[in-house]
Every structure is written in structure tokens, then in C-alpha cells.
>>> print(open('run07.pdb').read())   # PDB, C-alpha atoms, pLDDT in the B column
MODEL        1
ATOM      1  CA  MET A   1     -68.202 -13.668   2.980  1.00 52.00           C
ATOM      2  CA  LYS A   2     -67.139 -10.068   2.430  1.00 55.00           C
ATOM      3  CA  THR A   3     -64.326  -8.421   4.288  1.00 54.00           C
ATOM      4  CA  SER A   4     -64.389  -4.732   4.622  1.00 58.00           C
ATOM      5  CA  LEU A   5     -61.486  -2.442   3.847  1.00 51.00           C
ATOM      6  CA  LEU A   6     -61.618  -1.272   7.450  1.00 55.00           C
ATOM      7  CA  THR A   7     -60.766  -4.732   8.779  1.00 62.00           C
ATOM      8  CA  THR A   8     -57.971  -5.569   6.299  1.00 64.00           C
ATOM      9  CA  ALA A   9     -56.220  -2.176   6.334  1.00 64.00           C
ATOM     10  CA  PRO A  10     -54.763  -2.569   9.852  1.00 70.00           C
ATOM     11  CA  VAL A  11     -53.491  -6.061   8.988  1.00 69.00           C
ATOM     12  CA  LEU A  12     -51.835  -4.835   5.781  1.00 67.00           C
ATOM     13  CA  LEU A  13     -50.366  -1.833   7.555  1.00 66.00           C
ATOM     14  CA  THR A  14     -48.962  -4.081  10.279  1.00 71.00           C
ATOM     15  CA  LEU A  15     -47.389  -6.434   7.700  1.00 65.00           C
ATOM     16  CA  ILE A  16     -45.825  -3.540   5.799  1.00 71.00           C
ATOM     17  CA  LEU A  17     -44.475  -2.081   9.042  1.00 65.00           C
ATOM     18  CA  LEU A  18     -43.004  -5.443  10.071  1.00 63.00           C
ATOM     19  CA  ALA A  19     -41.371  -5.839   6.642  1.00 60.00           C
ATOM     20  CA  LEU A  20     -39.782  -2.383   6.928  1.00 59.00           C
ATOM     21  CA  ILE A  21     -38.485  -3.133  10.415  1.00 64.00           C
ATOM     22  CA  LEU A  22     -36.960  -6.426   9.243  1.00 56.00           C
ATOM     23  CA  LEU A  23     -35.404  -4.711   6.234  1.00 57.00           C
ATOM     24  CA  THR A  24     -33.888  -2.056   8.504  1.00 55.00           C
ATOM     25  CA  ILE A  25     -32.501  -4.641  10.914  1.00 58.00           C
ATOM     26  CA  LEU A  26     -31.044  -6.876   8.209  1.00 55.00           C
ATOM     27  CA  THR A  27     -29.465  -4.083   6.141  1.00 49.00           C
ATOM     28  CA  PRO A  28     -26.033  -3.069   7.418  1.00 47.00           C
ATOM     29  CA  PRO A  29     -25.524   0.655   7.946  1.00 44.00           C
ATOM     30  CA  ALA A  30     -23.921   2.546   5.059  1.00 42.00           C
ATOM     31  CA  TYR A  31     -20.904   3.583   7.118  1.00 39.00           C
ATOM     32  CA  SER A  32     -19.760  -0.022   7.405  1.00 43.00           C
ATOM     33  CA  GLN A  33     -19.640  -0.443   3.635  1.00 53.00           C
ATOM     34  CA  VAL A  34     -16.210   0.316   2.167  1.00 65.00           C
ATOM     35  CA  ASP A  35     -16.749   1.673  -1.319  1.00 90.00           C
ATOM     36  CA  ARG A  36     -13.094   1.405  -2.301  1.00 94.00           C
ATOM     37  CA  THR A  37      -9.564   1.532  -0.970  1.00 97.00           C
ATOM     38  CA  ILE A  38      -6.446   3.302  -2.192  1.00 97.00           C
ATOM     39  CA  TYR A  39      -3.088   1.948  -1.018  1.00 98.00           C
ATOM     40  CA  LEU A  40      -0.063   4.253  -1.039  1.00 97.00           C
ATOM     41  CA  VAL A  41       3.524   3.099  -0.575  1.00 97.00           C
ATOM     42  CA  ARG A  42       6.988   4.496  -0.939  1.00 97.00           C
ATOM     43  CA  HIS A  43       9.272   2.527  -3.248  1.00 96.00           C
ATOM     44  CA  ALA A  44      11.259  -0.277  -1.637  1.00 95.00           C
ATOM     45  CA  GLU A  45      14.962  -0.096  -0.699  1.00 95.00           C
ATOM     46  CA  LYS A  46      17.061   1.362  -3.502  1.00 95.00           C
ATOM     47  CA  GLN A  47      20.704   0.957  -4.528  1.00 95.00           C
ATOM     48  CA  ASN A  48      23.029   3.612  -3.186  1.00 92.00           C
ATOM     49  CA  ASP A  49      24.972   3.870  -6.426  1.00 91.00           C
ATOM     50  CA  GLY A  50      25.053   7.638  -6.762  1.00 90.00           C
ATOM     51  CA  SER A  51      22.806   7.653  -9.842  1.00 93.00           C
ATOM     52  CA  LYS A  52      19.628   9.695 -10.175  1.00 92.00           C
ATOM     53  CA  ASP A  53      17.601   6.612 -11.086  1.00 95.00           C
ATOM     54  CA  PRO A  54      18.821   3.662  -9.006  1.00 97.00           C
ATOM     55  CA  THR A  55      17.281   0.203  -9.068  1.00 97.00           C
ATOM     56  CA  LEU A  56      16.149  -1.803  -6.055  1.00 96.00           C
ATOM     57  CA  THR A  57      18.522  -3.670  -3.782  1.00 95.00           C
ATOM     58  CA  ALA A  58      18.059  -7.392  -3.145  1.00 94.00           C
ATOM     59  CA  ILE A  59      16.153  -6.474   0.030  1.00 94.00           C
ATOM     60  CA  GLY A  60      14.059  -3.981  -1.948  1.00 95.00           C
ATOM     61  CA  LYS A  61      13.140  -6.683  -4.451  1.00 95.00           C
ATOM     62  CA  GLN A  62      12.070  -8.931  -1.587  1.00 94.00           C
ATOM     63  CA  ARG A  63       9.977  -6.130  -0.091  1.00 95.00           C
ATOM     64  CA  ALA A  64       8.293  -5.578  -3.479  1.00 96.00           C
ATOM     65  CA  GLY A  65       7.500  -9.305  -3.563  1.00 95.00           C
ATOM     66  CA  ASN A  66       6.100  -9.140  -0.021  1.00 94.00           C
ATOM     67  CA  LEU A  67       3.931  -6.165  -1.009  1.00 95.00           C
ATOM     68  CA  SER A  68       2.598  -8.215  -3.915  1.00 95.00           C
ATOM     69  CA  GLN A  69       1.739 -11.015  -1.506  1.00 94.00           C
ATOM     70  CA  ILE A  70       0.017  -8.621   0.928  1.00 93.00           C
ATOM     71  CA  LEU A  71      -2.109  -6.912  -1.749  1.00 96.00           C
ATOM     72  CA  LYS A  72      -2.860  -9.857  -4.061  1.00 96.00           C
ATOM     73  CA  ASP A  73      -6.411 -10.361  -2.719  1.00 96.00           C
ATOM     74  CA  LYS A  74      -7.347  -6.683  -2.284  1.00 97.00           C
ATOM     75  CA  ASN A  75      -9.139  -6.377  -5.640  1.00 97.00           C
ATOM     76  CA  ILE A  76      -6.654  -3.866  -7.027  1.00 98.00           C
ATOM     77  CA  VAL A  77      -7.848  -2.691 -10.458  1.00 98.00           C
ATOM     78  CA  ALA A  78      -5.071  -0.190 -11.263  1.00 98.00           C
ATOM     79  CA  ILE A  79      -1.444   0.354 -10.237  1.00 98.00           C
ATOM     80  CA  TYR A  80       0.267   3.738 -10.539  1.00 98.00           C
ATOM     81  CA  SER A  81       3.969   4.517 -10.310  1.00 98.00           C
ATOM     82  CA  SER A  82       6.201   7.483 -10.872  1.00 97.00           C
ATOM     83  CA  ASP A  83       8.592   6.997 -13.796  1.00 97.00           C
ATOM     84  CA  TYR A  84      11.657   5.815 -11.879  1.00 97.00           C
ATOM     85  CA  ASN A  85      13.307   2.387 -11.805  1.00 97.00           C
ATOM     86  CA  ARG A  86      12.791   1.969  -8.050  1.00 97.00           C
ATOM     87  CA  THR A  87       9.050   2.760  -8.135  1.00 98.00           C
ATOM     88  CA  ARG A  88       8.321   0.705 -11.267  1.00 98.00           C
ATOM     89  CA  GLN A  89      10.255  -2.227  -9.769  1.00 98.00           C
ATOM     90  CA  THR A  90       8.268  -1.926  -6.528  1.00 97.00           C
ATOM     91  CA  ALA A  91       4.965  -1.978  -8.446  1.00 98.00           C
ATOM     92  CA  GLY A  92       6.101  -4.703 -10.867  1.00 98.00           C
ATOM     93  CA  PRO A  93       5.518  -7.913  -8.890  1.00 97.00           C
ATOM     94  CA  LEU A  94       1.895  -7.055  -8.053  1.00 98.00           C
ATOM     95  CA  ALA A  95       1.215  -5.835 -11.591  1.00 98.00           C
ATOM     96  CA  LYS A  96       2.596  -9.086 -12.990  1.00 98.00           C
ATOM     97  CA  ARG A  97       0.612 -11.198 -10.498  1.00 97.00           C
ATOM     98  CA  LEU A  98      -2.640  -9.384 -11.331  1.00 98.00           C
ATOM     99  CA  GLY A  99      -2.007  -9.043 -15.068  1.00 98.00           C
ATOM    100  CA  LEU A 100      -2.144  -5.234 -14.905  1.00 98.00           C
ATOM    101  CA  ASN A 101      -0.043  -2.579 -16.606  1.00 98.00           C
ATOM    102  CA  VAL A 102       1.672  -0.029 -14.400  1.00 98.00           C
ATOM    103  CA  VAL A 103       0.317   3.435 -15.214  1.00 98.00           C
ATOM    104  CA  LEU A 104       2.877   6.230 -14.871  1.00 98.00           C
ATOM    105  CA  TYR A 105       2.087   9.530 -13.140  1.00 98.00           C
ATOM    106  CA  ASN A 106       4.008  12.749 -12.615  1.00 97.00           C
ATOM    107  CA  PRO A 107       4.910  13.197  -8.906  1.00 95.00           C
ATOM    108  CA  GLY A 108       5.476  16.900  -9.626  1.00 94.00           C
ATOM    109  CA  LYS A 109       1.738  17.323 -10.292  1.00 97.00           C
ATOM    110  CA  LEU A 110       0.285  15.692  -7.175  1.00 97.00           C
ATOM    111  CA  LYS A 111      -2.840  17.885  -6.937  1.00 97.00           C
ATOM    112  CA  LYS A 112      -3.907  16.971 -10.467  1.00 97.00           C
ATOM    113  CA  PHE A 113      -3.076  13.309  -9.836  1.00 97.00           C
ATOM    114  CA  ALA A 114      -5.018  13.290  -6.542  1.00 97.00           C
ATOM    115  CA  ALA A 115      -8.082  14.678  -8.356  1.00 96.00           C
ATOM    116  CA  GLN A 116      -7.709  11.919 -10.969  1.00 96.00           C
ATOM    117  CA  LEU A 117      -7.548   9.253  -8.250  1.00 96.00           C
ATOM    118  CA  LEU A 118     -10.577  10.674  -6.442  1.00 94.00           C
ATOM    119  CA  ASN A 119     -12.570  10.477  -9.678  1.00 92.00           C
ATOM    120  CA  SER A 120     -11.515   6.916 -10.426  1.00 93.00           C
ATOM    121  CA  GLN A 121     -13.274   3.699  -9.459  1.00 92.00           C
ATOM    122  CA  GLY A 122     -12.083   0.561  -7.703  1.00 96.00           C
ATOM    123  CA  ASN A 123      -9.167  -0.271  -5.426  1.00 97.00           C
ATOM    124  CA  LEU A 124      -5.812   1.218  -6.388  1.00 97.00           C
ATOM    125  CA  LEU A 125      -2.122   1.037  -5.540  1.00 98.00           C
ATOM    126  CA  VAL A 126       0.137   4.083  -5.895  1.00 98.00           C
ATOM    127  CA  VAL A 127       3.914   3.743  -5.565  1.00 98.00           C
ATOM    128  CA  GLY A 128       5.728   6.993  -4.847  1.00 97.00           C
ATOM    129  CA  HIS A 129       8.512   8.525  -2.817  1.00 96.00           C
ATOM    130  CA  SER A 130       9.269   9.593   0.753  1.00 96.00           C
ATOM    131  CA  ASN A 131       8.532  13.222  -0.108  1.00 95.00           C
ATOM    132  CA  THR A 132       5.331  12.592  -2.112  1.00 97.00           C
ATOM    133  CA  THR A 133       3.482   9.709  -0.452  1.00 97.00           C
ATOM    134  CA  PRO A 134       2.439  11.534   2.772  1.00 97.00           C
ATOM    135  CA  ASN A 135       1.455  14.588   0.706  1.00 97.00           C
ATOM    136  CA  LEU A 136      -0.667  12.465  -1.614  1.00 97.00           C
ATOM    137  CA  ALA A 137      -2.410  10.891   1.392  1.00 97.00           C
ATOM    138  CA  SER A 138      -3.331  14.412   2.582  1.00 96.00           C
ATOM    139  CA  LEU A 139      -4.474  15.528  -0.872  1.00 97.00           C
ATOM    140  CA  LEU A 140      -6.783  12.507  -1.013  1.00 96.00           C
ATOM    141  CA  GLY A 141      -8.347  13.566   2.284  1.00 95.00           C
ATOM    142  CA  GLY A 142      -6.473  11.128   4.498  1.00 96.00           C
ATOM    143  CA  GLU A 143      -3.856  11.520   7.199  1.00 95.00           C
ATOM    144  CA  SER A 144      -0.175  11.928   6.324  1.00 95.00           C
ATOM    145  CA  PHE A 145       1.277  10.548   9.589  1.00 95.00           C
ATOM    146  CA  GLY A 146       4.215  12.918   9.200  1.00 94.00           C
ATOM    147  CA  GLU A 147       7.293  12.706   7.043  1.00 95.00           C
ATOM    148  CA  ILE A 148       8.765   9.404   5.939  1.00 95.00           C
ATOM    149  CA  GLU A 149      12.310   9.012   7.241  1.00 94.00           C
ATOM    150  CA  HIS A 150      15.134   8.544   4.735  1.00 90.00           C
ATOM    151  CA  LEU A 151      15.608   4.841   5.543  1.00 91.00           C
ATOM    152  CA  GLU A 152      11.928   4.040   6.192  1.00 93.00           C
ATOM    153  CA  TYR A 153      10.449   1.741   3.557  1.00 94.00           C
ATOM    154  CA  ASP A 154       7.711  -0.191   5.355  1.00 94.00           C
ATOM    155  CA  ARG A 155       4.742   2.216   5.426  1.00 95.00           C
ATOM    156  CA  VAL A 156       1.564   1.129   3.671  1.00 96.00           C
ATOM    157  CA  TYR A 157      -1.190   3.740   3.724  1.00 96.00           C
ATOM    158  CA  GLN A 158      -4.682   2.282   3.482  1.00 97.00           C
ATOM    159  CA  LEU A 159      -7.247   4.961   2.613  1.00 97.00           C
ATOM    160  CA  SER A 160     -10.773   3.518   2.844  1.00 96.00           C
ATOM    161  CA  PHE A 161     -13.479   5.580   1.180  1.00 93.00           C
ATOM    162  CA  GLN A 162     -16.875   4.883   2.695  1.00 88.00           C
ATOM    163  CA  ALA A 163     -20.087   6.907   2.678  1.00 81.00           C
ATOM    164  CA  GLU A 164     -18.458  10.305   2.170  1.00 78.00           C
ATOM    165  CA  GLN A 165     -15.748   9.580   4.757  1.00 90.00           C
ATOM    166  CA  ILE A 166     -12.108   8.652   4.368  1.00 92.00           C
ATOM    167  CA  LYS A 167     -10.425   6.544   7.015  1.00 94.00           C
ATOM    168  CA  THR A 168      -6.657   6.205   6.966  1.00 94.00           C
ATOM    169  CA  LYS A 169      -4.775   3.292   8.481  1.00 94.00           C
ATOM    170  CA  LEU A 170      -1.024   3.186   8.559  1.00 91.00           C
ATOM    171  CA  LEU A 171       0.068  -0.406   8.083  1.00 90.00           C
ATOM    172  CA  ARG A 172       3.593  -1.763   8.035  1.00 86.00           C
ATOM    173  CA  SER A 173       4.892  -4.209   5.484  1.00 83.00           C
ATOM    174  CA  GLU A 174       6.579  -7.250   6.940  1.00 73.00           C
ATOM    175  CA  PRO A 175      10.276  -6.978   7.712  1.00 64.00           C
ATOM    176  CA  VAL A 176      12.457  -8.243   4.939  1.00 62.00           C
ATOM    177  CA  GLN A 177      15.075 -10.846   5.689  1.00 60.00           C
ATOM    178  CA  LEU A 178      17.470 -12.365   3.230  1.00 53.00           C
ATOM    179  CA  LYS A 179      18.565 -15.927   3.892  1.00 50.00           C
ATOM    180  CA  SER A 180      22.137 -14.978   3.199  1.00 43.00           C
ATOM    181  CA  LEU A 181      23.432 -11.511   2.531  1.00 43.00           C
ATOM    182  CA  GLU A 182      26.960 -11.104   1.335  1.00 40.00           C
ATOM    183  CA  LEU A 183      28.545  -7.809   2.282  1.00 36.00           C
ATOM    184  CA  LYS A 184      31.244  -6.731  -0.103  1.00 34.00           C
TER     185      LYS A 184
ENDMDL
END
>>> encode(input="run07.pdb", output="C-alpha cells")
Amino acid sequence: MKTSLLTTAPVLLTLILLALILLTILTPPAYSQVDRTIYLVRHAEKQNDGSKDPTLTAIGKQRAGNLSQILKDKNIVAIYSSDYNRTRQTAGPLAKRLGLNVVLYNPGKLKKFAAQLLNSQGNLLVVGHSNTTPNLASLLGGESFGEIEHLEYDRVYQLSFQAEQIKTKLLRSEPVQLKSLELK
């Protein structure tokens, strides 16, 4: 029994069309796929010791630990910090947890650094300062959400890069509480 091409062509065409429709339905749209995320934070609370390069306070160390806890499962592949005690100490707990080295950058050359970040791959964390972090968010194509106040340490910028778009969320790190704080 011979079948003609004229009788099988509509059946094949219908099967191909059905397969394409199913593929379209089952494939999520590109805009829902996050290609990568860059997290930006200001360093945690610093000592008020009058030096140009203070270390973190006890509360700052706790905040750095909390940040490590928050970001531990975010597939961070690189951590950047300016070359100051307070920023390196903020980045340190997550770097240690993930087995990564902290890569130093120059906060005085933000445009060049932003271009480097935009050309990089994977999820990143950048620890900076109150006067650089909002600017870096803008240079990366995200929102700055205004200036960071002098005593504001809880902002976490989440810049999600997806299908040629950048979405910025401003998250807040959990409040830090010490079990006992001795005031001297």
C-alpha cells in the first residue's frame, strides 16, 4: 500500500506545528531568566577612632557575618573590596565561607571598575563606601536610591542582569543586635 506525499504532508506539518507550540508553551520567556546578579554594599559599622583606616566595631563584625549568611547561597564567584580595613573586614566572612580571595579595586576609578564588572561573568559582591556604592549602582545601569546617610549601614543593592535589562532592588540587611554591649 502506497501513501502519497500529498496525504502525509498535512500530517507531518500538523505534528511539527504542535511540537513548536508545545516548545513555546514549555519554554519560559527570556525576561524571566536572570543571567547574573551583582550585590553592592557599604562596609559595616566602623570604629570611630579618628584614624583614616579604622576597623569594624563589634556590631560591624556581626553585620559582616550576617551578610555572609544572607549571600552564602547566591552563587557568588568573586568578591571585590576597596583597600581599607573596614571594607576588607566586611567582605572577609563571605570570602572565607566560599573559599574566595577578596579582589581589591580602586574606588577612585569607578567608571573603569564598572566597565570591568559589566564585562565579567557570574554573581559578584562589591564592598564599598557611602559615597561610592550608589554611584557604582548608577554606573552599572541600576538605580542609586539616593545618598547613603552617614550612619546607614544596612543597604544591599541587588542588580539583576536579565535579557539586556537591569533591575535594581534595594534590600536591607537584618538589624544587628549584640547579646551584651558594654559601653565604656
>>> residues_around(input="run07.pdb", residues="range 143-157 of chain A", least_positions_apart="4", cutoff="7 Å", atoms="all atoms listed in the file", output="compact mmCIF listing (two decimals) with C-alpha atoms, keeping the file's coordinate frame")
# COMPACT_ATOMS: atom_id res chain seq x y z
CA TYR A 39 -3.09 1.95 -1.02
CA LEU A 40 -0.06 4.25 -1.04
CA VAL A 41 3.52 3.10 -0.57
CA ARG A 42 6.99 4.50 -0.94
CA HIS A 43 9.27 2.53 -3.25
CA ALA A 44 11.26 -0.28 -1.64
CA GLU A 45 14.96 -0.10 -0.70
CA SER A 130 9.27 9.59 0.75
CA PRO A 134 2.44 11.53 2.77
CA ASN A 135 1.46 14.59 0.71
CA ALA A 137 -2.41 10.89 1.39
CA SER A 138 -3.33 14.41 2.58
CA THR A 168 -6.66 6.20 6.97
CA LYS A 169 -4.78 3.29 8.48
CA LEU A 170 -1.02 3.19 8.56
CA LEU A 171 0.07 -0.41 8.08
CA ARG A 172 3.59 -1.76 8.04
CA SER A 173 4.89 -4.21 5.48
>>> atom_distance(input="run07.pdb", atom1="CA of Ile79 in chain A", atom2="CA of Leu125 in chain A")
4.8 Å
>>> closest_residue(input="run07.pdb", among="A:Leu104, A:Val127, A:Ile16, A:Leu136", to="Thr90 in chain A", atoms="all atoms listed in the file")
A:Val127
>>> residues_near_point(input="run07.pdb", point="(11.5, -8.5, -0.8)", cutoff="10 Å", atoms="all atoms listed in the file", output="list in words")
Ala44, Glu45, Leu56, Thr57, Ala58, Ile59, Gly60, Lys61, Gln62, Arg63, Ala64, Gly65, Asn66, Leu67, Ser68, Thr90, Glu174, Pro175, Val176, Gln177 and Leu178 of chain A
>>> closest_residue(input="run07.pdb", among="A:Thr14, A:Thr55, A:Thr37, A:Thr133", to="Ala78 in chain A", atoms="only C-alpha atoms")
A:Thr37
>>> resolve_selection(input="run07.pdb", expression="the PyMOL selection byres ((chain A and resi 100) around 12)", output="PyMOL selection string")
chain A and resi 72+75-80+91-99+101-103+124-125
>>> closest_residue(input="run07.pdb", among="A:Thr132, A:Asn85, A:Gln165, A:Gln69", to="Gln47 in chain A", atoms="only C-alpha atoms")
A:Asn85
>>> atom_distance(input="run07.pdb", atom1="CA of Asn123 in chain A", atom2="CA of Asp73 in chain A")
10.8 Å
>>> residues_around(input="run07.pdb", residues="Phe161 in chain A", least_positions_apart="4", cutoff="9 Å", atoms="only C-alpha atoms", output="PyMOL selection string")
chain A and resi 33-38+165-168
>>> write_last_selection(input="run07.pdb", atoms="C-alpha atoms", output="JSON list (two decimals), in the frame of the given file")
[["chain", "number", "residue", "atom", "x", "y", "z"],
["A", 33, "GLN", "CA", -19.64, -0.44, 3.64],
["A", 34, "VAL", "CA", -16.21, 0.32, 2.17],
["A", 35, "ASP", "CA", -16.75, 1.67, -1.32],
["A", 36, "ARG", "CA", -13.09, 1.40, -2.30],
["A", 37, "THR", "CA", -9.56, 1.53, -0.97],
["A", 38, "ILE", "CA", -6.45, 3.30, -2.19],
["A", 165, "GLN", "CA", -15.75, 9.58, 4.76],
["A", 166, "ILE", "CA", -12.11, 8.65, 4.37],
["A", 167, "LYS", "CA", -10.42, 6.54, 7.02],
["A", 168, "THR", "CA", -6.66, 6.20, 6.97]]
>>> atom_distance(input="run07.pdb", atom1="CA of Gly141 in chain A", atom2="CA of Lys46 in chain A")
28.8 Å
>>> resolve_selection(input="run07.pdb", expression="the PyMOL selection byres ((chain A and resi 83) around 9)", output="VMD selection string")
chain A and resid 81 to 82 84 to 88 104 to 107
>>> closest_residue(input="run07.pdb", among="A:Lys112, A:Ile70, A:Leu118, A:Pro10", to="Glu164 in chain A", atoms="all atoms listed in the file")
A:Leu118
